[in-house]
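One file, final-v7.pdb, carrying PDB, C-alpha atoms and all ligand atoms:
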ATOM      1  CA  MET F   1     -77.045 -50.159  16.947
ATOM      2  CA  ARG F   2     -75.792 -48.024  19.838
ATOM      3  CA  LEU F   3     -73.491 -45.140  19.109
ATOM      4  CA  HIS F   4     -70.832 -44.276  21.591
ATOM      5  CA  PRO F   5     -71.865 -40.890  23.114
ATOM      6  CA  LEU F   6     -68.698 -39.182  21.907
ATOM      7  CA  ILE F   7     -69.264 -40.331  18.334
ATOM      8  CA  PHE F   8     -72.801 -39.026  18.494
ATOM      9  CA  VAL F   9     -71.600 -35.597  19.646
ATOM     10  CA  ALA F  10     -68.900 -35.520  16.984
ATOM     11  CA  SER F  11     -71.407 -36.246  14.233
ATOM     12  CA  ILE F  12     -73.578 -33.313  15.346
ATOM     13  CA  LEU F  13     -70.595 -30.958  15.453
ATOM     14  CA  ALA F  14     -69.590 -32.033  11.953
ATOM     15  CA  ILE F  15     -72.866 -30.863  10.389
ATOM     16  CA  PRO F  16     -71.932 -27.172   9.943
ATOM     17  CA  ALA F  17     -68.701 -28.181   8.198
ATOM     18  CA  ALA F  18     -70.756 -29.757   5.421
ATOM     19  CA  HIS F  19     -72.024 -26.271   4.485
ATOM     20  CA  SER F  20     -68.679 -25.061   3.200
ATOM     21  CA  SER F  21     -70.325 -22.300   1.132
ATOM     22  CA  VAL F  22     -71.187 -20.370   4.308
ATOM     23  CA  HIS F  23     -69.205 -17.155   4.219
ATOM     24  CA  THR F  24     -67.947 -15.340   7.272
ATOM     25  CA  PRO F  25     -68.878 -11.685   6.711
ATOM     26  CA  ALA F  26     -65.872  -9.539   5.859
ATOM     27  CA  SER F  27     -65.253  -5.810   5.857
ATOM     28  CA  HIS F  28     -63.777  -3.977   2.851
ATOM     29  CA  GLU F  29     -62.450  -0.441   2.859
ATOM     30  CA  ILE F  30     -62.672   1.959  -0.067
ATOM     31  CA  THR F  31     -60.541   5.065   0.191
ATOM     32  CA  MET F  32     -61.900   8.373  -1.066
ATOM     33  CA  ALA F  33     -58.915  10.290  -2.369
ATOM     34  CA  ALA F  34     -58.109  13.169  -4.689
ATOM     35  CA  ASP F  35     -57.988  10.807  -7.679
ATOM     36  CA  GLY F  36     -61.240   9.045  -6.806
ATOM     37  CA  TYR F  37     -62.334   5.878  -5.083
ATOM     38  CA  ARG F  38     -59.727   3.204  -4.466
ATOM     39  CA  PRO F  39     -60.480   0.603  -5.571
ATOM     40  CA  THR F  40     -62.864   1.895  -8.222
ATOM     41  CA  GLU F  41     -64.590  -1.465  -8.542
ATOM     42  CA  LEU F  42     -64.934  -3.854  -5.638
ATOM     43  CA  ALA F  43     -66.451  -7.340  -5.587
ATOM     44  CA  VAL F  44     -67.755  -8.588  -2.249
ATOM     45  CA  ALA F  45     -69.809 -11.460  -0.918
ATOM     46  CA  ARG F  46     -73.372 -11.087   0.269
ATOM     47  CA  GLY F  47     -73.368 -10.017   3.911
ATOM     48  CA  ASP F  48     -70.040  -8.205   3.697
ATOM     49  CA  THR F  49     -69.644  -4.630   4.877
ATOM     50  CA  ILE F  50     -68.181  -1.879   2.716
ATOM     51  CA  VAL F  51     -66.559   1.035   4.494
ATOM     52  CA  TRP F  52     -65.808   4.248   2.616
ATOM     53  CA  PHE F  53     -63.070   6.277   4.240
ATOM     54  CA  ASN F  54     -62.344   9.820   3.174
ATOM     55  CA  THR F  55     -58.623  10.552   3.319
ATOM     56  CA  ASP F  56     -58.890  13.634   1.088
ATOM     57  CA  ILE F  57     -58.880  17.258   2.237
ATOM     58  CA  VAL F  58     -62.031  17.697   0.145
ATOM     59  CA  THR F  59     -65.490  16.489   1.218
ATOM     60  CA  HIS F  60     -66.920  13.554  -0.791
ATOM     61  CA  THR F  61     -69.982  11.330  -0.806
ATOM     62  CA  ALA F  62     -70.641   7.729  -1.805
ATOM     63  CA  THR F  63     -74.105   7.894  -3.339
ATOM     64  CA  SER F  64     -75.766   4.853  -4.896
ATOM     65  CA  ARG F  65     -77.231   5.570  -8.342
ATOM     66  CA  GLY F  66     -80.085   3.217  -7.530
ATOM     67  CA  GLY F  67     -80.864   4.835  -4.178
ATOM     68  CA  PHE F  68     -79.545   1.952  -2.075
ATOM     69  CA  TRP F  69     -77.360   4.155   0.118
ATOM     70  CA  ASP F  70     -76.107   7.702   0.477
ATOM     71  CA  SER F  71     -73.251   8.545   2.786
ATOM     72  CA  GLY F  72     -74.017  12.228   2.783
ATOM     73  CA  ARG F  73     -71.064  14.616   2.782
ATOM     74  CA  LEU F  74     -68.071  12.978   4.446
ATOM     75  CA  LYS F  75     -65.304  15.204   5.657
ATOM     76  CA  ARG F  76     -61.710  14.057   5.872
ATOM     77  CA  GLY F  77     -61.284  11.214   8.359
ATOM     78  CA  ARG F  78     -64.979  10.231   8.247
ATOM     79  CA  ARG F  79     -66.284   6.774   7.379
ATOM     80  CA  PHE F  80     -69.549   5.406   6.041
ATOM     81  CA  ARG F  81     -70.681   1.764   6.193
ATOM     82  CA  TRP F  82     -73.087  -0.193   4.030
ATOM     83  CA  VAL F  83     -73.911  -3.892   4.324
ATOM     84  CA  ALA F  84     -74.190  -5.635   0.958
ATOM     85  CA  ALA F  85     -77.279  -7.788   1.461
ATOM     86  CA  THR F  86     -78.436  -8.549  -2.085
ATOM     87  CA  PRO F  87     -76.409  -9.790  -5.082
ATOM     88  CA  GLY F  88     -76.120  -7.350  -7.960
ATOM     89  CA  ARG F  89     -74.111  -4.581  -9.512
ATOM     90  CA  TYR F  90     -74.274  -1.242  -7.705
ATOM     91  CA  PRO F  91     -72.814   1.829  -9.407
ATOM     92  CA  TYR F  92     -72.322   4.927  -7.261
ATOM     93  CA  ILE F  93     -71.021   8.459  -7.556
ATOM     94  CA  CYS F  94     -69.815  11.343  -5.485
ATOM     95  CA  SER F  95     -72.725  13.757  -5.543
ATOM     96  CA  THR F  96     -70.424  16.790  -5.456
ATOM     97  CA  HIS F  97     -67.937  15.518  -8.082
ATOM     98  CA  ARG F  98     -70.080  13.699 -10.591
ATOM     99  CA  GLY F  99     -67.126  12.359 -12.539
ATOM    100  CA  MET F 100     -66.044  10.451  -9.448
ATOM    101  CA  THR F 101     -67.586   7.017  -9.854
ATOM    102  CA  GLY F 102     -67.322   3.508  -8.490
ATOM    103  CA  THR F 103     -69.055   0.142  -8.573
ATOM    104  CA  ILE F 104     -69.785  -2.473  -5.969
ATOM    105  CA  VAL F 105     -70.433  -5.999  -7.209
ATOM    106  CA  VAL F 106     -72.178  -8.228  -4.689
ATOM    107  CA  ARG F 107     -71.935 -11.968  -5.379
TER     108      ARG F 107
HETATM  109 CU    CU N   1     -66.224  13.987  -4.290
END
As structure tokens, the full file:
Amino acid sequence: MRLHPLIFVASILAIPAAHSSVHTPASHEITMAADGYRPTELAVARGDTIVWFNTDIVTHTATSRGGFWDSGRLKRGRRFRWVAATPGRYPYICSTHRGMTGTIVVR
């Protein structure tokens, strides 16, 4: 059987569409404010980027309890990025305000 060249090309192009579970990496922002992280808990997909953004007049950190990341002290207007590579549950705190807590869930 001979395939028409255009049909052959179309069948090759259709292959990626079969993998519908492939996720386009997204970026999620968490605000650091006077009342804590917003949102406090955030669920993301593997490969996504989380960006912490300090909008407060006070310096904060986003410090992983498990040692996966540490933003260091972020002044107002500063951002910190972390790419969520591995599924799991990642609690974190602000190292200067230990009651300020959050969780990232990576699916
Ligand atoms: Cu803080």
Surrounding residues as number ranges by chain, ligand CU 1 (chain N), max 12 Å, all atoms listed in the file:
F: 31-37, 52-63, 71-76, 92-102
How big is the axis-aligned box around the listed atoms of segment 74-89 of chain F once 3 Å is added on each side, and where is its centre? Give both in Å to one decimal, as lines of an AutoDock Vina configuration file.
center_x = -69.9
center_y = 2.7
center_z = -0.6
size_x = 23.2
size_y = 31.0
size_z = 23.9
What's the separation between atom CA of Gly47 of chain F and atom CA of Thr24 of chain F, in Å to one decimal place?
8.3 Å
Polymer residues at most 10 Å from Pro87 of chain F, all atoms listed in the file, same-chain spacing of 3 or more positions, as a list of chain:residue names:
F:Val44, F:Ala45, F:Arg46, F:Gly47, F:Ala84, F:Tyr90, F:Ile104, F:Val105, F:Val106, F:Arg107
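Taking atom CA of Gly77 of chain F and atom CA of Thr40 of chain F as the two end points, the separation is 19.1 Å.
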Using only C-alpha atoms, which protein or nucleic acid residues come within 7 Å of Ser27 of chain F? Drop anything in the same chain fewer than 3 positions from it, and give the result as a PDB file with C-alpha atoms, in the coordinates of the input.
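The new file out.pdb reads:
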ATOM      1  CA  ASP F  48     -70.040  -8.205   3.697  1.00  0.00           C
ATOM      2  CA  THR F  49     -69.644  -4.630   4.877  1.00  0.00           C
ATOM      3  CA  ILE F  50     -68.181  -1.879   2.716  1.00  0.00           C
TER       4      ILE F  50
END
Using only C-alpha atoms, the residue out of F:Thr103, F:Arg78, F:Gly88, F:Val83 with shortest distance to Ala26 of chain F is F:Val83
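Going from atom CA of Pro25 of chain F over to atom CA of Arg65 of chain F, you cover 24.4 Å.
Minimum distance to Pro91 of chain F across F:Arg79, F:Glu29, F:Glu41, F:Asp70 (counting only C-alpha atoms) occurs at F:Glu41.
If you measure from each of F:Pro39, F:Ser64, F:Phe80, F:Arg89 to Val51 of chain F using only C-alpha atoms, the closest one turns out to be F:Phe80.
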